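What's in my_file13.cif: mmCIF, C-alpha atoms
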data_data
loop_
_atom_site.group_PDB
_atom_site.id
_atom_site.type_symbol
_atom_site.label_atom_id
_atom_site.label_comp_id
_atom_site.auth_asym_id
_atom_site.auth_seq_id
_atom_site.Cartn_x
_atom_site.Cartn_y
_atom_site.Cartn_z
ATOM 1 C CA MET N 1 89.180 -19.856 -1.099
ATOM 2 C CA LYS N 2 85.962 -17.782 -1.137
ATOM 3 C CA PHE N 3 84.984 -15.936 2.053
ATOM 4 C CA ASP N 4 81.403 -16.491 3.186
ATOM 5 C CA TYR N 5 80.542 -13.828 5.744
ATOM 6 C CA LYS N 6 77.332 -15.568 6.756
ATOM 7 C CA LYS N 7 79.314 -18.640 7.862
ATOM 8 C CA ASP N 8 82.804 -17.259 8.705
ATOM 9 C CA LEU N 9 81.793 -14.005 10.451
ATOM 10 C CA SER N 10 80.456 -14.694 13.895
ATOM 11 C CA PRO N 11 77.681 -12.385 15.088
ATOM 12 C CA LYS N 12 79.548 -12.051 18.370
ATOM 13 C CA TYR N 13 82.589 -10.502 16.686
ATOM 14 C CA LEU N 14 80.372 -8.210 14.581
ATOM 15 C CA LEU N 15 78.674 -6.913 17.702
ATOM 16 C CA ILE N 16 82.040 -6.296 19.367
ATOM 17 C CA ALA N 17 83.332 -4.411 16.306
ATOM 18 C CA LEU N 18 80.259 -2.158 16.132
ATOM 19 C CA SER N 19 80.476 -1.468 19.828
ATOM 20 C CA VAL N 20 84.148 -0.467 19.522
ATOM 21 C CA ILE N 21 83.306 1.867 16.611
ATOM 22 C CA CYS N 22 80.523 3.535 18.595
ATOM 23 C CA ILE N 23 82.747 4.017 21.630
ATOM 24 C CA ALA N 24 85.467 5.426 19.435
ATOM 25 C CA LEU N 25 83.072 7.914 17.877
ATOM 26 C CA ILE N 26 81.850 8.996 21.290
ATOM 27 C CA VAL N 27 85.384 9.540 22.505
ATOM 28 C CA LEU N 28 86.421 11.407 19.367
ATOM 29 C CA SER N 29 83.302 13.547 19.615
ATOM 30 C CA ALA N 30 84.220 14.490 23.165
ATOM 31 C CA LEU N 31 87.939 15.083 22.552
ATOM 32 C CA PHE N 32 87.900 16.473 19.038
ATOM 33 C CA PRO N 33 84.518 18.084 18.370
ATOM 34 C CA ASP N 34 85.870 19.988 15.387
ATOM 35 C CA MET N 35 86.895 16.802 13.623
ATOM 36 C CA LEU N 36 83.249 15.552 13.639
ATOM 37 C CA ALA N 37 81.773 18.860 12.473
ATOM 38 C CA PRO N 38 81.552 17.666 8.811
ATOM 39 C CA VAL N 39 79.753 14.564 9.986
ATOM 40 C CA LYS N 40 77.312 16.671 11.989
ATOM 41 C CA LYS N 41 76.909 18.992 9.022
ATOM 42 C CA TYR N 42 76.162 16.057 6.763
ATOM 43 C CA THR N 43 73.723 14.711 9.306
ATOM 44 C CA GLY N 44 71.994 18.090 9.638
ATOM 45 C CA LYS N 45 71.865 18.602 5.898
ATOM 46 C CA TYR N 46 70.678 15.182 4.759
ATOM 47 C CA ILE N 47 69.763 12.887 7.612
ATOM 48 C CA THR N 48 67.696 15.361 9.631
ATOM 49 C CA PRO N 49 65.418 16.384 6.698
ATOM 50 C CA MET N 50 65.060 12.753 5.809
ATOM 51 C CA GLN N 51 64.066 11.996 9.361
ATOM 52 C CA LYS N 52 61.557 14.847 9.308
ATOM 53 C CA GLY N 53 60.154 13.508 6.051
ATOM 54 C CA ILE N 54 59.840 10.059 7.538
ATOM 55 C CA ASN N 55 58.137 11.575 10.573
ATOM 56 C CA ASN N 56 55.737 13.489 8.330
ATOM 57 C CA VAL N 57 54.968 10.356 6.354
ATOM 58 C CA GLY N 58 54.383 8.495 9.568
ATOM 59 C CA LYS N 59 52.099 11.240 10.862
ATOM 60 C CA THR N 60 50.181 11.283 7.559
ATOM 61 C CA VAL N 61 49.750 7.512 7.654
ATOM 62 C CA GLN N 62 48.618 7.761 11.261
ATOM 63 C CA ASP N 63 46.123 10.486 10.358
ATOM 64 C CA LYS N 64 44.820 8.414 7.429
ATOM 65 C CA LEU N 65 44.409 5.416 9.682
ATOM 66 C CA GLN N 66 42.578 7.617 12.183
ATOM 67 C CA VAL N 67 40.275 8.949 9.431
ATOM 68 C CA PHE N 68 39.720 5.427 8.149
ATOM 69 C CA GLY N 69 38.769 4.354 11.636
ATOM 70 C CA ASP N 70 36.412 7.333 11.999
ATOM 71 C CA VAL N 71 34.787 6.631 8.605
ATOM 72 C CA LYS N 72 34.308 2.990 9.479
ATOM 73 C CA GLU N 73 32.751 3.982 12.791
ATOM 74 C CA LEU N 74 30.515 6.544 11.060
ATOM 75 C CA LYS N 75 29.377 3.944 8.500
ATOM 76 C CA GLU N 76 28.472 1.523 11.250
ATOM 77 C CA GLU N 77 26.648 4.254 13.132
ATOM 78 C CA ASN N 78 24.847 5.347 9.951
ATOM 79 C CA LYS N 79 23.785 1.761 9.257
ATOM 80 C CA LYS N 80 22.456 1.475 12.792
ATOM 81 C CA LEU N 81 20.574 4.766 12.474
ATOM 82 C CA LYS N 82 19.026 3.647 9.170
ATOM 83 C CA GLU N 83 17.870 0.409 10.755
ATOM 84 C CA GLU N 84 16.388 2.344 13.665
ATOM 85 C CA ALA N 85 14.671 4.757 11.234
ATOM 86 C CA VAL N 86 13.155 1.866 9.262
ATOM 87 C CA ALA N 87 11.952 0.243 12.476
ATOM 88 C CA ALA N 88 10.472 3.558 13.666
ATOM 89 C CA GLN N 89 8.714 4.105 10.316
ATOM 90 C CA ASN N 90 7.293 0.579 10.387
ATOM 91 C CA ASP N 91 6.062 1.150 13.916
ATOM 92 C CA LEU N 92 4.514 4.481 12.879
ATOM 93 C CA ASN N 93 2.796 2.851 9.880
ATOM 94 C CA ARG N 94 1.433 0.110 12.122
ATOM 95 C CA LYS N 95 0.092 2.644 14.631
ATOM 96 C CA GLU N 96 -1.466 4.724 11.842
ATOM 97 C CA ALA N 97 -3.145 1.602 10.457
ATOM 98 C CA GLU N 98 -4.437 0.738 13.929
ATOM 99 C CA LEU N 99 -5.759 4.277 14.395
ATOM 100 C CA ALA N 100 -7.444 4.171 10.985
ATOM 101 C CA GLU N 101 -9.036 0.836 11.814
ATOM 102 C CA LEU N 102 -10.142 2.175 15.182
ATOM 103 C CA GLN N 103 -11.704 5.204 13.479
ATOM 104 C CA GLU N 104 -13.506 2.935 11.021
ATOM 105 C CA LEU N 105 -14.899 0.915 13.925
ATOM 106 C CA ARG N 106 -16.041 4.124 15.622
ATOM 107 C CA ASP N 107 -17.718 5.259 12.407
ATOM 108 C CA LEU N 108 -19.518 1.919 12.112
ATOM 109 C CA TYR N 109 -20.602 2.168 15.733
ATOM 110 C CA GLU N 110 -21.977 5.672 15.192
ATOM 111 C CA LEU N 111 -23.740 4.490 12.033
ATOM 112 C CA ASP N 112 -25.225 1.571 13.940
ATOM 113 C CA GLU N 113 -26.547 4.030 16.530
ATOM 114 C CA LEU N 114 -28.316 6.017 13.797
ATOM 115 C CA TYR N 115 -30.529 3.030 12.965
ATOM 116 C CA PRO N 116 -31.000 1.175 16.263
ATOM 117 C CA ASP N 117 -34.193 -0.607 15.199
ATOM 118 C CA TYR N 118 -32.462 -2.827 12.653
ATOM 119 C CA LYS N 119 -30.283 -5.867 13.193
ATOM 120 C CA LYS N 120 -26.942 -5.520 11.401
ATOM 121 C CA THR N 121 -23.590 -7.136 10.722
ATOM 122 C CA ALA N 122 -20.340 -5.487 9.704
ATOM 123 C CA ALA N 123 -18.615 -6.467 6.447
ATOM 124 C CA ARG N 124 -15.567 -5.398 4.481
ATOM 125 C CA VAL N 125 -15.316 -4.677 0.752
ATOM 126 C CA PHE N 126 -12.790 -6.960 -0.959
ATOM 127 C CA SER N 127 -13.490 -6.422 -4.657
ATOM 128 C CA VAL N 128 -14.924 -3.639 -6.796
ATOM 129 C CA ASN N 129 -15.654 -3.073 -10.486
ATOM 130 C CA SER N 130 -13.269 -0.846 -12.433
ATOM 131 C CA SER N 131 -15.700 1.991 -13.171
ATOM 132 C CA GLY N 132 -14.003 4.342 -10.704
ATOM 133 C CA TRP N 133 -17.076 4.275 -8.464
ATOM 134 C CA PHE N 134 -18.258 1.752 -5.903
ATOM 135 C CA ASN N 135 -21.430 1.126 -7.871
ATOM 136 C CA GLU N 136 -21.081 -2.651 -7.712
ATOM 137 C CA PHE N 137 -18.763 -4.537 -5.375
ATOM 138 C CA TYR N 138 -18.311 -7.603 -3.186
ATOM 139 C CA ILE N 139 -18.284 -7.920 0.600
ATOM 140 C CA ASP N 140 -16.835 -10.669 2.796
ATOM 141 C CA LYS N 141 -20.140 -11.758 4.372
ATOM 142 C CA GLY N 142 -22.720 -14.071 2.848
ATOM 143 C CA LEU N 143 -25.280 -16.765 3.579
ATOM 144 C CA ASN N 144 -23.257 -18.123 6.486
ATOM 145 C CA ASN N 145 -23.742 -14.726 8.183
ATOM 146 C CA GLN N 146 -27.452 -14.397 7.304
ATOM 147 C CA VAL N 147 -26.684 -11.958 4.486
ATOM 148 C CA TYR N 148 -29.293 -12.626 1.789
ATOM 149 C CA GLU N 149 -30.506 -11.006 -1.400
ATOM 150 C CA GLY N 150 -32.526 -7.933 -0.546
ATOM 151 C CA CYS N 151 -30.504 -6.955 2.535
ATOM 152 C CA ASN N 152 -29.979 -3.197 2.627
ATOM 153 C CA VAL N 153 -26.382 -1.989 2.978
ATOM 154 C CA ILE N 154 -25.405 1.260 4.705
ATOM 155 C CA SER N 155 -22.174 3.219 5.069
ATOM 156 C CA ASP N 156 -21.048 6.658 6.248
ATOM 157 C CA ASP N 157 -24.383 8.148 7.412
ATOM 158 C CA GLY N 158 -26.830 6.499 5.059
ATOM 159 C CA LEU N 159 -27.932 4.174 2.291
ATOM 160 C CA LEU N 160 -25.241 2.600 0.151
ATOM 161 C CA GLY N 161 -27.157 -0.057 -1.771
ATOM 162 C CA ILE N 162 -28.670 -3.516 -1.657
ATOM 163 C CA VAL N 163 -27.431 -7.119 -1.806
ATOM 164 C CA VAL N 164 -28.272 -8.598 -5.231
ATOM 165 C CA GLU N 165 -26.389 -11.900 -4.990
ATOM 166 C CA SER N 166 -25.353 -13.914 -1.937
ATOM 167 C CA TYR N 167 -23.101 -16.948 -1.563
ATOM 168 C CA ASP N 168 -21.783 -18.894 1.400
ATOM 169 C CA ASP N 169 -19.086 -16.455 2.501
ATOM 170 C CA TYR N 170 -19.469 -13.403 0.274
ATOM 171 C CA ALA N 171 -22.112 -11.271 -1.408
ATOM 172 C CA LYS N 172 -22.535 -8.835 -4.278
ATOM 173 C CA VAL N 173 -23.840 -5.323 -3.565
ATOM 174 C CA ARG N 174 -25.371 -2.896 -6.048
ATOM 175 C CA ALA N 175 -25.122 0.741 -4.988
ATOM 176 C CA ILE N 176 -27.888 3.317 -5.378
ATOM 177 C CA ILE N 177 -25.729 5.260 -7.860
ATOM 178 C CA ASP N 178 -25.660 2.349 -10.317
ATOM 179 C CA ASP N 179 -27.507 3.002 -13.584
ATOM 180 C CA ARG N 180 -29.905 0.122 -12.797
ATOM 181 C CA ALA N 181 -30.786 1.389 -9.311
ATOM 182 C CA ASN N 182 -34.072 3.007 -8.308
ATOM 183 C CA VAL N 183 -35.114 3.920 -4.783
ATOM 184 C CA THR N 184 -38.509 5.178 -3.701
ATOM 185 C CA GLY N 185 -37.839 8.108 -1.426
ATOM 186 C CA GLU N 186 -39.385 10.880 0.618
ATOM 187 C CA ILE N 187 -38.207 14.487 0.689
ATOM 188 C CA GLY N 188 -38.350 16.906 3.601
ATOM 189 C CA ASN N 189 -40.506 16.891 6.697
ATOM 190 C CA SER N 190 -43.667 16.638 4.610
ATOM 191 C CA GLY N 191 -42.449 13.413 3.002
ATOM 192 C CA TYR N 192 -43.006 14.314 -0.637
ATOM 193 C CA MET N 193 -42.687 11.187 -2.740
ATOM 194 C CA CYS N 194 -39.937 10.816 -5.343
ATOM 195 C CA ASN N 195 -37.976 8.269 -7.310
ATOM 196 C CA VAL N 196 -34.204 8.409 -6.773
ATOM 197 C CA GLU N 197 -32.482 7.255 -9.956
ATOM 198 C CA GLY N 198 -28.936 5.940 -10.039
ATOM 199 C CA SER N 199 -26.600 7.375 -12.687
ATOM 200 C CA LEU N 200 -22.831 7.127 -12.967
ATOM 201 C CA THR N 201 -22.960 9.970 -15.473
ATOM 202 C CA THR N 202 -24.494 12.481 -13.060
ATOM 203 C CA MET N 203 -22.291 11.167 -10.234
ATOM 204 C CA GLN N 204 -19.337 12.548 -12.158
ATOM 205 C CA GLU N 205 -20.769 15.933 -11.163
ATOM 206 C CA GLY N 206 -21.559 14.795 -7.628
ATOM 207 C CA TYR N 207 -25.294 14.159 -7.725
ATOM 208 C CA ILE N 208 -28.115 11.780 -8.621
ATOM 209 C CA ASN N 209 -31.653 12.791 -9.568
ATOM 210 C CA ALA N 210 -34.860 12.561 -7.579
ATOM 211 C CA THR N 211 -37.648 12.532 -10.177
ATOM 212 C CA ASN N 212 -41.447 12.399 -10.351
ATOM 213 C CA ILE N 213 -41.905 14.969 -7.579
ATOM 214 C CA ASP N 214 -45.362 16.518 -7.669
ATOM 215 C CA LYS N 215 -45.227 20.080 -9.011
ATOM 216 C CA ASN N 216 -47.026 21.399 -5.929
ATOM 217 C CA SER N 217 -44.479 19.906 -3.513
ATOM 218 C CA ILE N 218 -42.457 22.567 -1.731
ATOM 219 C CA ILE N 219 -38.850 21.453 -1.970
ATOM 220 C CA SER N 220 -35.931 23.440 -0.563
ATOM 221 C CA VAL N 221 -32.160 23.138 -0.867
ATOM 222 C CA GLY N 222 -30.862 21.165 2.094
ATOM 223 C CA ASP N 223 -33.966 19.002 2.516
ATOM 224 C CA LYS N 224 -33.157 15.452 3.578
ATOM 225 C CA VAL N 225 -34.128 12.565 1.315
ATOM 226 C CA ILE N 226 -34.854 9.216 2.998
ATOM 227 C CA THR N 227 -36.128 5.821 1.920
ATOM 228 C CA SER N 228 -39.904 5.679 1.766
ATOM 229 C CA SER N 229 -42.150 3.406 3.762
ATOM 230 C CA VAL N 230 -43.836 2.293 0.521
ATOM 231 C CA SER N 231 -40.606 0.991 -1.003
ATOM 232 C CA ASP N 232 -40.779 -2.723 -1.737
ATOM 233 C CA ARG N 233 -37.000 -3.258 -1.385
ATOM 234 C CA TYR N 234 -35.628 -0.654 1.020
ATOM 235 C CA LEU N 235 -36.368 -0.293 4.713
ATOM 236 C CA TYR N 236 -37.922 2.936 5.908
ATOM 237 C CA GLY N 237 -36.054 6.009 7.125
ATOM 238 C CA ILE N 238 -32.528 5.439 5.812
ATOM 239 C CA THR N 239 -30.891 8.670 4.664
ATOM 240 C CA ILE N 240 -30.174 8.834 0.928
ATOM 241 C CA GLY N 241 -28.842 12.380 0.659
ATOM 242 C CA TYR N 242 -29.722 16.064 0.570
ATOM 243 C CA VAL N 243 -31.305 18.335 -2.037
ATOM 244 C CA THR N 244 -28.825 20.661 -3.742
ATOM 245 C CA SER N 245 -31.200 22.142 -6.372
ATOM 246 C CA VAL N 246 -34.709 21.692 -7.758
ATOM 247 C CA GLU N 247 -36.412 22.682 -11.014
ATOM 248 C CA GLN N 248 -39.741 22.262 -12.772
ATOM 249 C CA ASP N 249 -39.910 19.635 -15.529
ATOM 250 C CA SER N 250 -40.914 20.575 -19.058
ATOM 251 C CA ASN N 251 -44.278 18.785 -18.643
ATOM 252 C CA ASN N 252 -45.245 21.295 -15.923
ATOM 253 C CA LEU N 253 -46.577 18.386 -13.856
ATOM 254 C CA THR N 254 -43.506 17.258 -11.953
ATOM 255 C CA GLN N 255 -40.214 18.498 -10.523
ATOM 256 C CA THR N 256 -36.706 17.070 -10.499
ATOM 257 C CA ALA N 257 -34.248 17.602 -7.653
ATOM 258 C CA LYS N 258 -30.531 17.006 -7.605
ATOM 259 C CA ILE N 259 -29.479 14.922 -4.614
ATOM 260 C CA SER N 260 -26.016 14.839 -3.074
ATOM 261 C CA PRO N 261 -25.665 11.319 -1.604
ATOM 262 C CA THR N 262 -24.566 11.047 2.004
ATOM 263 C CA VAL N 263 -22.227 8.141 1.136
ATOM 264 C CA ASN N 264 -18.818 8.689 -0.439
ATOM 265 C CA PHE N 265 -19.055 6.269 -3.367
ATOM 266 C CA SER N 266 -15.463 6.825 -4.456
ATOM 267 C CA GLU N 267 -13.980 5.052 -1.431
ATOM 268 C CA ILE N 268 -15.675 2.391 0.670
ATOM 269 C CA LYS N 269 -13.928 -0.048 2.995
ATOM 270 C CA ASP N 270 -16.353 -1.169 5.691
ATOM 271 C CA VAL N 271 -20.131 -1.370 5.594
ATOM 272 C CA LEU N 272 -23.049 -2.472 7.726
ATOM 273 C CA VAL N 273 -25.495 -4.965 6.277
ATOM 274 C CA ILE N 274 -29.021 -4.723 7.675
ATOM 275 C CA LEU N 275 -30.185 -8.299 8.185
ATOM 276 C CA ASP N 276 -33.874 -7.340 8.357
ATOM 277 C CA ARG N 277 -35.477 -7.472 4.898
ATOM 278 C CA LYS N 278 -38.627 -6.546 3.089
ATOM 279 C CA GLN N 279 -40.242 -9.146 0.845
ATOM 280 C CA GLU N 280 -37.958 -10.963 -1.568
ATOM 281 C CA VAL N 281 -38.076 -9.858 -5.180
ATOM 282 C CA ASN N 282 -36.089 -10.582 -8.329
ATOM 283 C CA TYR N 283 -33.123 -8.289 -9.116
#

Please, can you express the file's structure as structure tokens?
Amino acid sequence: MKFDYKKDLSPKYLLIALSVICIALIVLSALFPDMLAPVKKYTGKYITPMQKGINNVGKTVQDKLQVFGDVKELKEENKKLKEEAVAAQNDLNRKEAELAELQELRDLYELDELYPDYKKTAARVFSVNSSGWFNEFYIDKGLNNQVYEGCNVISDDGLLGIVVESYDDYAKVRAIIDDRANVTGEIGNSGYMCNVEGSLTTMQEGYINATNIDKNSIISVGDKVITSSVSDRYLYGITIGYVTSVEQDSNNLTQTAKISPTVNFSEIKDVLVILDRKQEVNY
């Protein structure tokens, strides 16, 4: 008959047997300490180092778990800081955009104050040709805002160009630096007559030419050039630019002056359209 300890050995008897063995060992240890010396020696030699090793392993595992917890916490904190940084950057970008827009409005207001006699409306550039200059572009105001062909357009501190096409809600502007542009102007306090010619080629060097200046006209560097009262397309007194140099022409009858425009034609965002016009002409 085969003995099955799981069925035939009662847990109660096993507990009693183990208890008796433990008591016996305690008694023997008290009465005969020398007899248990080998056992203690074995325990000190093998069990104790093993226990220390187990303790070390446990400590290492505990340390690893602690590090893992710290890393997880750091990752969560880092993620939170990144989100806060992105939010702060977005807020900064929004504030910078608002400040830029506010500055643009201030600039338009100051420009409006320079020419108080003319009725104007503000407009924004939404499309430009790919020449690298704002020589021809589109604005977001048109017939519905009383912007018609022939309306002068100003920016920065002076003349930008003229409306050449107008539609219901947008218009096309041709700048004074365009190769097809010509503006009748006056130079200096004496109002010497000239013809300001647009040229993208000369604008590469930062100037446009004022031609057909009488040889006897006294022109100096720094003289202001404005639109002339005799111009058939441009209103009087709008600043075009300033003289940077002047020289006699080869015909000995006229002079030519280089003019630095007052408008930055490499970057234009907002403009003022003067709604008052001179007589309509074909462009």

Practice problem: For the file shown, report as a VMD selection string the outcome of the PyMOL selection byres ((chain N and resi 260-269) around 6) at residue level. | Solution: chain N and resid 124 to 125 133 to 134 156 158 207 240 to 242 259 270

Quiz item: When the PyMOL selection byres ((chain N and resi 212) around 7) is applied to the file above, which residues end up in the set, as a VMD selection string?
Solution: chain N and resid 194 to 195 211 213 to 214 254 to 256

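Here CA of Glu247 in chain N and CA of Leu200 in chain N stand 20.7 Å from one another.
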
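If you measure from each of N:Thr121, N:Thr227, N:Ser131, N:Arg180 to Gln204 in chain N using only C-alpha atoms, the closest one turns out to be N:Ser131.
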
Quiz item: Which neighbours of range 153-155 of chain N fall inside 6 Å, counting only C-alpha atoms, when residues of the same chain fewer than 2 positions from it are skipped, and could you give them as a PyMOL selection string?
Solution: chain N and resi 157-162+271-273

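Applied to the file shown here, the PyMOL selection byres ((chain N and resi 229-231) around 9) selects Val183, Thr184, Gly185, Glu186, Thr227, Ser228, Asp232, Arg233, Tyr234, Leu235, Tyr236, Gly237 and Lys278 of chain N.
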
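Distances here use all atoms listed in the file; by that measure, the residue among N:Asn90, N:Gly191, N:Ser199, N:Ser166 closest to Asn135 in chain N is N:Ser199.
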
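Going from CA of Leu275 in chain N to CA of Lys120 in chain N covers 5.3 Å.
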
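Between CA of Tyr118 in chain N and CA of Asp179 in chain N lies a distance of 27.3 Å.
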
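Nearest residue to Lys172 in chain N, choosing from N:Cys151, N:Ala88, N:Met203, N:Ala257 and counting only C-alpha atoms: N:Cys151.
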
Exercise. Identify which of the residues N:Tyr170, N:Asn189, N:Glu165, N:Asn129 lies closest to Lys141 in chain N, counting all atoms listed in the file when measuring atom-to-atom distances.
Key: N:Tyr170
